[in-house]
$ cat start32.cif   # mmCIF, C-alpha atoms
data_model
#
loop_
_atom_site.label_atom_id
_atom_site.label_comp_id
_atom_site.auth_asym_id
_atom_site.auth_seq_id
_atom_site.Cartn_x
_atom_site.Cartn_y
_atom_site.Cartn_z
CA MET A 1 200.41 -84.93 29.17
CA VAL A 2 204.12 -85.83 28.73
CA MET A 3 205.28 -88.66 30.97
CA PRO A 4 208.74 -88.69 32.58
CA GLN A 5 211.21 -90.83 30.61
CA PRO A 6 213.19 -93.60 32.37
CA ASN A 7 216.74 -92.60 33.36
CA ASP A 8 219.49 -93.55 35.73
CA ARG A 9 217.69 -91.80 38.60
CA ALA A 10 214.70 -94.14 38.39
CA THR A 11 216.11 -96.23 41.21
CA GLU A 12 215.80 -93.20 43.49
CA PHE A 13 211.97 -93.01 43.12
CA THR A 14 210.14 -93.77 46.29
CA PRO A 15 207.52 -96.55 46.22
CA LEU A 16 204.82 -93.89 46.64
CA LEU A 17 205.99 -91.97 43.57
CA VAL A 18 206.24 -95.15 41.50
CA ALA A 19 202.67 -96.00 42.43
CA LEU A 20 201.52 -92.48 41.56
CA LEU A 21 203.20 -92.62 38.13
CA SER A 22 201.57 -95.99 37.43
CA VAL A 23 198.14 -94.55 38.15
CA ILE A 24 198.78 -91.52 35.92
CA ALA A 25 200.13 -93.70 33.11
CA GLY A 26 197.07 -95.90 33.31
CA LEU A 27 194.76 -92.90 33.09
CA PHE A 28 196.49 -91.46 30.02
CA GLY A 29 197.27 -94.71 28.22
CA ALA A 30 201.04 -94.05 28.20
CA SER A 31 202.15 -97.47 29.36
CA SER A 32 201.50 -100.64 27.40
CA SER A 33 201.76 -102.69 30.60
CA CYS A 34 199.14 -100.52 32.29
CA GLU A 35 196.92 -100.79 29.20
CA ALA A 36 197.14 -104.57 29.30
CA GLN A 37 196.23 -104.54 32.98
CA THR A 38 193.23 -102.31 32.26
CA LYS A 39 192.01 -104.72 29.58
CA ARG A 40 192.07 -107.57 32.09
CA ASP A 41 189.98 -105.56 34.54
CA PRO A 42 186.36 -106.69 34.05
CA SER A 43 184.83 -103.65 35.73
CA ARG A 44 183.52 -100.76 33.65
CA ARG A 45 181.74 -97.46 33.97
CA MET A 46 179.97 -95.58 31.18
CA THR A 47 180.24 -91.79 31.44
CA THR A 48 178.67 -88.88 29.61
CA ASN A 49 178.45 -85.11 30.00
CA SER A 50 176.92 -82.05 28.38
CA ARG A 51 179.51 -82.07 25.59
CA LEU A 52 178.92 -85.72 24.68
CA THR A 53 175.67 -85.10 22.85
CA LEU A 54 174.77 -84.97 19.17
CA GLY A 55 173.69 -81.36 19.17
CA THR A 56 171.20 -79.88 21.63
CA GLN A 57 167.90 -80.45 19.83
CA PRO A 58 165.59 -83.23 21.02
CA LEU A 59 164.38 -85.24 18.01
CA ARG A 60 162.34 -88.38 17.55
CA SER A 61 165.40 -90.45 16.73
CA ALA A 62 165.02 -94.14 16.02
CA SER A 63 168.44 -95.33 14.86
CA VAL A 64 172.12 -94.39 15.04
CA ARG A 65 175.01 -96.07 13.21
CA ALA A 66 178.77 -95.52 13.05
CA GLY A 67 181.21 -95.43 10.17
CA ASP A 68 184.18 -93.44 8.90
CA PHE A 69 182.20 -91.43 6.36
CA ASP A 70 184.88 -88.81 5.65
CA SER A 71 187.86 -91.22 5.55
CA ASP A 72 189.83 -89.43 8.27
CA GLY A 73 190.42 -92.49 10.42
CA ASP A 74 187.83 -92.00 13.17
CA LEU A 75 184.19 -93.03 13.54
CA ASP A 76 181.40 -90.69 12.53
CA LEU A 77 177.66 -91.14 13.11
CA VAL A 78 174.44 -91.05 11.10
CA VAL A 79 171.08 -90.64 12.85
CA ALA A 80 167.63 -91.48 11.46
CA ASN A 81 164.93 -89.16 12.78
CA GLY A 82 161.16 -88.82 12.68
CA ARG A 83 159.71 -92.33 12.94
CA HIS A 84 156.08 -91.50 11.97
CA TRP A 85 156.62 -87.72 11.69
CA PRO A 86 158.87 -86.08 9.07
CA GLN A 87 162.14 -84.76 10.50
CA GLN A 88 165.64 -84.05 9.24
CA ASN A 89 168.26 -86.81 9.19
CA PHE A 90 171.83 -85.84 10.14
CA LEU A 91 175.45 -86.89 9.83
CA TYR A 92 177.78 -86.06 12.73
CA PHE A 93 181.52 -85.90 12.12
CA ASN A 94 183.98 -86.85 14.84
CA GLN A 95 186.58 -84.12 15.25
CA ASN A 96 188.64 -85.78 17.97
CA SER A 97 188.01 -87.82 21.12
CA ALA A 98 184.26 -88.25 20.54
CA ARG A 99 183.64 -84.56 19.87
CA PHE A 100 181.02 -84.59 17.12
CA ASN A 101 181.29 -80.88 16.50
CA VAL A 102 180.38 -80.82 12.80
CA ALA A 103 176.87 -81.83 11.68
CA ARG A 104 175.53 -82.10 8.15
CA ARG A 105 172.01 -82.57 6.89
CA LEU A 106 171.46 -85.73 4.88
CA GLY A 107 169.41 -84.45 1.97
CA GLU A 108 166.89 -81.63 1.88
CA ASP A 109 163.73 -83.58 2.65
CA LEU A 110 162.29 -84.20 6.08
CA GLU A 111 161.46 -87.91 6.31
CA THR A 112 159.72 -90.44 8.55
CA SER A 113 162.94 -92.34 9.16
CA TYR A 114 163.13 -95.43 11.33
CA ALA A 115 166.47 -96.90 10.30
CA CYS A 116 169.90 -96.05 8.91
CA GLU A 117 172.54 -98.59 7.87
CA PRO A 118 175.99 -97.93 6.37
CA GLY A 119 177.82 -100.31 4.05
CA ASP A 120 179.73 -100.40 0.78
CA LEU A 121 176.90 -101.17 -1.63
CA ASP A 122 178.54 -100.20 -4.93
CA GLY A 123 181.95 -101.79 -4.33
CA ASP A 124 184.02 -98.59 -4.57
CA GLY A 125 185.50 -98.83 -1.06
CA ASP A 126 183.45 -95.97 0.39
CA LEU A 127 180.55 -96.28 2.79
CA ASP A 128 177.05 -95.82 1.41
CA LEU A 129 173.79 -95.51 3.34
CA VAL A 130 170.32 -97.01 3.37
CA ILE A 131 167.71 -94.82 5.05
CA GLY A 132 164.50 -96.70 5.85
CA ASN A 133 161.29 -94.68 6.10
CA ASP A 134 157.82 -95.45 7.40
CA HIS A 135 155.22 -95.23 4.60
CA ALA A 136 157.62 -93.17 2.50
CA PRO A 137 160.30 -94.15 -0.05
CA THR A 138 163.30 -96.02 1.38
CA ARG A 139 166.42 -94.82 -0.37
CA VAL A 140 170.03 -95.79 -1.03
CA TRP A 141 172.54 -92.93 -0.74
CA LEU A 142 175.97 -93.36 -2.35
CA GLY A 143 178.96 -91.93 -0.48
CA ASP A 144 182.06 -90.38 -2.05
CA GLY A 145 184.41 -90.96 0.89
CA THR A 146 184.47 -87.29 1.90
CA GLY A 147 181.30 -87.31 4.00
CA HIS A 148 178.95 -86.37 1.16
CA PHE A 149 176.15 -88.58 -0.13
CA ALA A 150 174.05 -88.53 -3.31
CA LYS A 151 170.56 -89.91 -3.78
CA HIS A 152 170.51 -93.21 -5.61
CA ALA A 153 168.01 -96.07 -5.77
CA ILE A 154 164.58 -96.33 -4.16
CA LEU A 155 163.87 -99.75 -2.67
CA GLY A 156 160.39 -101.15 -3.25
CA ASP A 157 157.15 -99.40 -2.47
CA PRO A 158 156.53 -97.40 0.71
CA THR A 159 155.58 -99.71 3.56
CA SER A 160 155.39 -99.91 7.35
CA LEU A 161 159.15 -100.10 7.72
CA ARG A 162 160.71 -100.53 11.16
CA GLY A 163 164.29 -101.57 10.42
CA VAL A 164 167.01 -102.23 7.86
CA THR A 165 169.63 -105.00 7.89
CA LEU A 166 172.55 -105.23 5.47
CA ALA A 167 173.91 -108.72 4.83
CA ASP A 168 174.99 -111.00 2.00
CA VAL A 169 171.83 -113.12 1.77
CA ASN A 170 172.58 -115.05 -1.44
CA GLY A 171 176.31 -115.71 -0.98
CA ASP A 172 177.64 -113.58 -3.87
CA ASP A 173 179.80 -111.38 -1.58
CA PHE A 174 177.62 -108.28 -2.13
CA LEU A 175 175.64 -106.61 0.63
CA ASP A 176 171.91 -107.08 0.15
CA VAL A 177 169.24 -104.99 1.87
CA ILE A 178 166.59 -106.46 4.17
CA LEU A 179 163.64 -104.19 4.90
CA ILE A 180 161.79 -105.08 8.11
CA CYS A 181 158.10 -104.25 7.97
CA ARG A 182 155.68 -104.48 10.88
CA GLY A 183 152.36 -106.03 9.86
CA ARG A 184 153.48 -106.46 6.24
CA PRO A 185 155.69 -108.96 4.38
CA ASN A 186 159.40 -108.26 4.88
CA GLN A 187 161.57 -107.66 1.82
CA VAL A 188 165.04 -108.69 0.62
CA HIS A 189 166.52 -106.57 -2.16
CA LEU A 190 169.42 -108.41 -3.83
CA ASN A 191 172.43 -106.29 -4.79
CA ASP A 192 174.23 -106.87 -8.11
CA GLY A 193 177.41 -105.34 -6.66
CA ARG A 194 176.81 -101.91 -8.20
CA ALA A 195 174.02 -100.81 -5.85
CA SER A 196 171.39 -101.93 -8.31
CA PHE A 197 168.57 -103.93 -6.75
CA GLN A 198 166.55 -105.60 -9.50
CA THR A 199 165.51 -108.74 -7.60
CA GLN A 200 163.19 -108.63 -4.60
CA ILE A 201 162.25 -111.52 -2.28
CA SER A 202 159.51 -111.40 0.33
CA PHE A 203 159.29 -113.36 3.57
CA GLY A 204 156.82 -113.36 6.41
CA GLY A 205 153.06 -112.94 6.27
CA GLU A 206 150.69 -110.02 5.95
CA ARG A 207 150.16 -109.87 9.71
CA GLU A 208 153.65 -110.80 10.93
CA SER A 209 155.02 -108.11 13.23
CA THR A 210 158.75 -108.44 12.58
CA LEU A 211 160.85 -105.74 14.29
CA GLY A 212 164.36 -107.12 13.80
CA VAL A 213 166.29 -109.52 11.56
CA ALA A 214 169.80 -110.96 12.02
CA VAL A 215 171.65 -113.09 9.47
CA ALA A 216 173.93 -116.08 10.15
CA ASP A 217 174.49 -119.62 8.89
CA LEU A 218 173.00 -121.39 11.90
CA ASN A 219 172.92 -124.90 10.42
CA GLU A 220 176.32 -124.58 8.68
CA ASP A 221 175.06 -125.62 5.26
CA GLY A 222 176.70 -122.70 3.48
CA TRP A 223 173.54 -120.60 3.10
CA PRO A 224 172.72 -117.63 5.34
CA ASP A 225 169.67 -118.00 7.56
CA LEU A 226 167.36 -115.30 8.90
CA ILE A 227 166.56 -114.90 12.60
CA LEU A 228 163.36 -112.93 13.18
CA ALA A 229 162.44 -110.96 16.30
CA ASN A 230 158.65 -110.54 16.29
CA ARG A 231 156.46 -108.26 18.36
CA ASP A 232 152.78 -108.42 19.35
CA GLN A 233 153.19 -111.79 21.07
CA GLN A 234 154.09 -113.51 17.82
CA PRO A 235 156.68 -116.30 18.14
CA ASN A 236 160.23 -115.54 17.07
CA ALA A 237 161.43 -117.65 14.18
CA ILE A 238 164.34 -118.87 12.06
CA LEU A 239 164.06 -119.09 8.27
CA PHE A 240 166.76 -121.39 6.92
CA GLY A 241 168.29 -120.35 3.61
CA ILE A 242 167.87 -122.88 0.81
CA ASP A 243 169.58 -121.52 -2.29
CA GLY A 244 170.14 -117.82 -1.65
CA GLN A 245 166.70 -116.83 -2.88
CA ARG A 246 164.38 -119.16 -0.99
CA PHE A 247 163.83 -119.84 2.70
CA SER A 248 162.30 -122.66 4.72
CA GLU A 249 159.07 -122.49 6.64
CA PRO A 250 159.53 -120.72 10.00
CA LYS A 251 161.09 -122.70 12.84
CA ARG A 252 159.80 -121.11 16.03
CA PHE A 253 162.02 -120.67 19.09
CA GLY A 254 161.73 -119.27 22.59
CA ASP A 255 158.62 -118.37 24.53
CA GLN A 256 155.71 -118.51 22.10
CA THR A 257 153.98 -115.50 23.71
CA GLN A 258 157.01 -113.21 24.02
CA SER A 259 157.11 -109.83 22.30
CA SER A 260 160.55 -109.05 20.90
CA ARG A 261 162.04 -106.10 19.12
CA ALA A 262 165.75 -106.67 18.51
CA VAL A 263 168.05 -109.52 17.53
CA VAL A 264 171.82 -109.85 16.97
CA THR A 265 174.08 -112.80 16.25
CA ALA A 266 177.61 -113.66 17.43
CA ASP A 267 179.59 -116.52 18.98
CA PHE A 268 179.02 -115.75 22.66
CA ASN A 269 180.38 -119.01 24.13
CA ALA A 270 183.40 -119.17 21.79
CA ASP A 271 182.66 -122.67 20.52
CA GLY A 272 182.88 -121.73 16.86
CA LYS A 273 179.11 -121.91 16.29
CA ALA A 274 176.74 -119.03 15.72
CA ASP A 275 174.58 -117.95 18.67
CA TRP A 276 171.98 -115.19 18.78
CA ALA A 277 170.50 -112.79 21.32
CA VAL A 278 166.98 -111.37 21.42
CA GLY A 279 165.80 -108.17 23.10
CA ASN A 280 162.34 -108.55 24.65
CA LEU A 281 159.53 -106.30 25.85
CA GLY A 282 158.27 -106.86 29.39
CA ASP A 283 160.66 -109.74 30.02
CA SER A 284 164.36 -110.50 30.36
CA ASN A 285 166.39 -110.78 27.18
CA ARG A 286 167.79 -114.11 26.03
CA VAL A 287 170.97 -115.50 24.50
CA TYR A 288 170.37 -118.68 22.50
CA LEU A 289 173.45 -120.87 22.21
CA GLY A 290 173.54 -122.52 18.80
CA ASP A 291 174.45 -126.15 18.19
CA GLY A 292 175.62 -125.65 14.60
CA LYS A 293 172.62 -127.61 13.29
CA GLY A 294 170.00 -124.92 13.54
CA GLY A 295 169.00 -125.75 17.10
CA THR A 296 170.17 -124.70 20.55
CA ILE A 297 172.10 -126.23 23.43
CA GLY A 298 170.70 -123.78 25.94
CA GLU A 299 169.56 -120.24 26.61
CA VAL A 300 170.83 -117.63 29.06
CA PRO A 301 168.86 -114.62 30.34
CA PHE A 302 170.42 -111.17 30.57
CA GLY A 303 169.31 -107.63 31.26
CA LEU A 304 166.35 -106.48 33.33
CA PRO A 305 163.64 -109.00 34.27
CA ASP A 306 160.96 -106.59 33.02
CA GLY A 307 163.08 -105.07 30.28
CA MET A 308 161.80 -102.86 27.48
CA THR A 309 164.70 -103.43 25.12
CA TYR A 310 164.47 -101.67 21.76
CA GLY A 311 168.07 -102.03 20.62
CA LEU A 312 170.96 -104.50 20.94
CA ALA A 313 174.64 -104.34 20.04
CA VAL A 314 177.60 -106.70 20.41
CA ALA A 315 181.17 -105.81 21.42
CA ASP A 316 183.95 -106.87 23.77
CA MET A 317 183.27 -104.11 26.28
CA ASN A 318 185.89 -105.09 28.90
CA GLY A 319 188.76 -106.43 26.80
CA ASP A 320 188.59 -110.05 27.99
CA GLU A 321 188.14 -111.43 24.44
CA MET A 322 184.57 -112.53 25.16
CA LEU A 323 181.69 -110.83 23.36
CA ASP A 324 179.33 -108.81 25.54
CA LEU A 325 175.92 -107.26 24.86
CA VAL A 326 174.67 -103.69 25.13
CA THR A 327 170.99 -102.80 25.32
CA CYS A 328 169.02 -99.59 25.07
CA ASN A 329 165.60 -99.47 26.67
CA VAL A 330 162.47 -97.36 26.79
CA ARG A 331 161.92 -95.62 30.15
CA GLN A 332 164.65 -97.78 31.69
CA LYS A 333 168.39 -97.42 31.99
CA GLY A 334 170.49 -99.12 29.37
CA VAL A 335 172.44 -102.23 30.29
CA VAL A 336 175.94 -103.44 29.45
CA ALA A 337 175.74 -107.23 29.90
CA ILE A 338 179.25 -108.54 30.60
CA ASN A 339 179.83 -112.10 29.40
CA GLN A 340 180.96 -114.38 32.24
CA ASN A 341 182.60 -117.79 31.70
CA ALA A 342 181.73 -118.21 28.02
CA ALA A 343 178.09 -117.13 28.34
CA GLU A 344 177.29 -119.08 31.49
CA SER A 345 175.88 -115.82 32.83
CA PHE A 346 175.99 -112.05 32.28
CA ASP A 347 176.79 -109.35 34.83
CA MET A 348 174.91 -106.10 34.46
CA LEU A 349 176.29 -102.58 34.33
CA ALA A 350 173.61 -99.89 34.07
CA TYR A 351 174.12 -96.65 32.17
CA GLY A 352 172.02 -93.66 31.16
CA SER A 353 168.67 -92.51 32.49
CA ASP A 354 165.39 -94.27 33.21
CA GLU A 355 163.50 -91.21 31.96
CA THR A 356 164.48 -91.48 28.29
CA SER A 357 162.99 -93.56 25.50
CA SER A 358 165.96 -95.05 23.66
CA TYR A 359 165.04 -96.58 20.31
CA GLY A 360 168.46 -97.49 18.94
CA LEU A 361 172.17 -97.68 19.66
CA CYS A 362 175.51 -98.60 18.18
CA VAL A 363 178.96 -99.26 19.61
CA GLY A 364 182.38 -98.10 18.43
CA ASP A 365 185.63 -96.63 19.68
CA PHE A 366 184.63 -92.98 19.36
CA ASP A 367 187.42 -91.53 21.51
CA SER A 368 190.17 -93.77 20.04
CA ASP A 369 191.28 -95.18 23.39
CA GLY A 370 190.88 -98.84 22.42
CA ASP A 371 187.56 -99.49 24.17
CA PRO A 372 184.11 -99.62 22.53
CA ASP A 373 181.84 -96.73 23.48
CA ILE A 374 178.07 -96.37 23.07
CA ALA A 375 175.96 -93.97 20.98
CA VAL A 376 172.22 -93.90 21.77
CA ALA A 377 169.32 -92.59 19.67
CA ASN A 378 166.62 -91.14 21.93
CA SER A 379 163.07 -90.15 21.15
CA ASP A 380 162.16 -86.63 22.31
CA ASP A 381 165.52 -86.19 24.01
CA VAL A 382 169.04 -85.35 22.87
CA ASN A 383 171.09 -88.20 21.48
CA ARG A 384 174.08 -89.04 23.59
CA ILE A 385 177.52 -90.67 23.70
CA TYR A 386 178.67 -92.82 26.64
CA LEU A 387 182.41 -93.34 26.98
CA ASN A 388 183.72 -96.64 28.27
CA HIS A 389 186.11 -96.49 31.24
CA SER A 390 187.51 -99.09 33.62
CA SER A 391 186.88 -99.48 37.36
CA ALA A 392 183.25 -99.69 38.39
CA ARG A 393 180.96 -101.90 40.40
CA PHE A 394 178.41 -104.03 38.63
CA VAL A 395 174.81 -103.38 39.61
CA GLN A 396 172.16 -106.04 39.89
#
$ encode --input "start32.cif" --output "structure tokens"
Amino acid sequence: MVMPQPNDRATEFTPLLVALLSVIAGLFGASSSCEAQTKRDPSRRMTTNSRLTLGTQPLRSASVRAGDFDSDGDLDLVVANGRHWPQQNFLYFNQNSARFNVARRLGEDLETSYACEPGDLDGDGDLDLVIGNDHAPTRVWLGDGTGHFAKHAILGDPTSLRGVTLADVNGDDFLDVILICRGRPNQVHLNDGRASFQTQISFGGERESTLGVAVADLNEDGWPDLILANRDQQPNAILFGIDGQRFSEPKRFGDQTQSSRAVVTADFNADGKADWAVGNLGDSNRVYLGDGKGGTIGEVPFGLPDGMTYGLAVADMNGDEMLDLVTCNVRQKGVVAINQNAAESFDMLAYGSDETSSYGLCVGDFDSDGDPDIAVANSDDVNRIYLNHSSARFVQ
């Protein structure tokens, strides 16, 4: 829509017309002053429709991640499908305004995929992929920057994989690969910068049910630490990095009988120290406020009191320069938890359906309007995009 340009007749506009033009400008993003006002508005609503899906086929999707795979300036998506049953993994290419109208198979094989993570593993400036499979080979795919990927390395032996985390574990500025294995030792595969993974480190025990790992320097000693979210009523734990290849004995945190599935790290109270958030099963989620020494100065609940949170993501969802949290849940609506007063509390905005089983999500500005949107991976339902708009009431 083309907006009227200011001219010498502007003084003749009635107050009603001026108000109407302000509303229209705000809706279409034509006025920088209106955009700034929108970003100060803490209210949000997440919308979807029949066109905001990743195809029409229900799959057993477990993970979705965003990245500009074809180098055209907008965010595309990769989805890991199957979980315990072989299915096809897909790439979805954003054509404009969150219209993912081109899909491409990732490889020829159907796989039992639980996780997908993009990152530049070979240092060529293009995004590569790690696809994590349950009791099948976990593989690195190298991207060429045009949306095509070639098979590369296999990581370790097939195991009970449930997640993949990419992070620089040993401080050499290369992305390493953490494989998260339920009921088996977890693995770290160290990257030499060329997507070669010759060194493997294990952590966790034979019976440890780790479902999520986040990486941050919690005690500010210069070495990355691992934050573990454990299921099956096993205590969550922190493993402090010692020299890039060794970790301390587990330091337990939180409720010792909680079952957790997801963990992320960020500075939620803006004090310059790393915090972390854990998604729980059958309980409210928790933000743990770090003290910079490996301990906490407090914890803050968020989400549903009986939540079944399978996925967590971090973004400034309302433009107030405070980091918020987004959850996806099984048989419950998802929640956007809006950070209030530097993590003193979180307001809740529900989105989605309480009839879907959502295993994973990611956030990104898919429609290029300046606000983070949500992509959700559903099991036995279509995967869906939720666009972020202003003006809504928070729900308790």
$ resolve_selection --input "start32.cif" --expression "the PyMOL selection byres ((chain A and resi 282-291) around 6)" --output "list in words"
Ala274, Asp275, Trp276, Ala277, Val278, Gly279, Asn280, Leu281, Gly292, Lys293, Gly295, Thr296, Ile297, Gly298, Glu299, Val300, Pro301, Phe302, Gly303, Leu304, Pro305, Asp306, Gly307 and Met308 of chain A
$ closest_atom_pairs --input "start32.cif" --of "region 34-149 of chain A" --to "region 184-207 of chain A" --cutoff "9 Å" --atoms "only C-alpha atoms" --output "tab-separated table"
residue	atom	partner	partner_atom	distance
A:Asp120	CA	A:Ala195	CA	8.8
A:Leu121	CA	A:Ala195	CA	5.1
A:Asp122	CA	A:Arg194	CA	4.1
A:Gly123	CA	A:Gly193	CA	6.2
A:Asp124	CA	A:Arg194	CA	8.7
A:Val140	CA	A:Ala195	CA	8.0
A:Leu142	CA	A:Ala195	CA	8.5
$ closest_residue --input "start32.cif" --among "A:Ser160, A:Ser353, A:Asn341, A:Asn236" --to "Ala214 (chain A)" --atoms "all atoms listed in the file"
A:Asn236
$ resolve_selection --input "start32.cif" --expression "the PyMOL selection byres ((chain A and resi 106) around 12)" --output "number ranges by chain"
A: 77-81, 87-92, 103-105, 107-111, 113, 116, 129-131, 139-143, 147-151
$ resolve_selection --input "start32.cif" --expression "the PyMOL selection byres ((chain A and resi 338) around 6)" --output "ChimeraX atom specification"
/A:324,337,339,346-347
$ closest_residue --input "start32.cif" --among "A:Leu161, A:Ala270, A:Met348, A:Val102" --to "Glu321 (chain A)" --atoms "all atoms listed in the file"
A:Ala270
$ residues_around --input "start32.cif" --residues "region 82-85 of chain A" --least-positions-apart "5" --cutoff "7 Å" --atoms "all atoms listed in the file" --output "MDAnalysis selection string"
chainID A and resid 60:62 111:114 134
$ residues_around --input "start32.cif" --residues "Gly241 (chain A)" --least-positions-apart "6" --cutoff "8 Å" --atoms "only C-alpha atoms" --output "compact mmCIF listing (two decimals) with C-alpha atoms, in the coordinates of the input"
# COMPACT_ATOMS: atom_id res chain seq x y z
CA TRP A 223 173.54 -120.60 3.10
CA PRO A 224 172.72 -117.63 5.34
CA ASP A 225 169.67 -118.00 7.56
CA LEU A 226 167.36 -115.30 8.90
CA PHE A 247 163.83 -119.84 2.70
CA SER A 248 162.30 -122.66 4.72
$ residues_around --input "start32.cif" --residues "Phe69 (chain A)" --least-positions-apart "2" --cutoff "6 Å" --atoms "only C-alpha atoms" --output "MDAnalysis selection string"
chainID A and resid 67 71 145 147
$ closest_atom_pairs --input "start32.cif" --of "region 284-321 of chain A" --to "region 374-384 of chain A" --cutoff "10 Å" --atoms "all atoms listed in the file" --output "CSV"
residue,atom,partner,partner_atom,distance
A:Gly311,CA,A:Val376,CA,9.2
A:Ala313,CA,A:Ile374,CA,9.2
A:Met317,CA,A:Ile374,CA,9.9
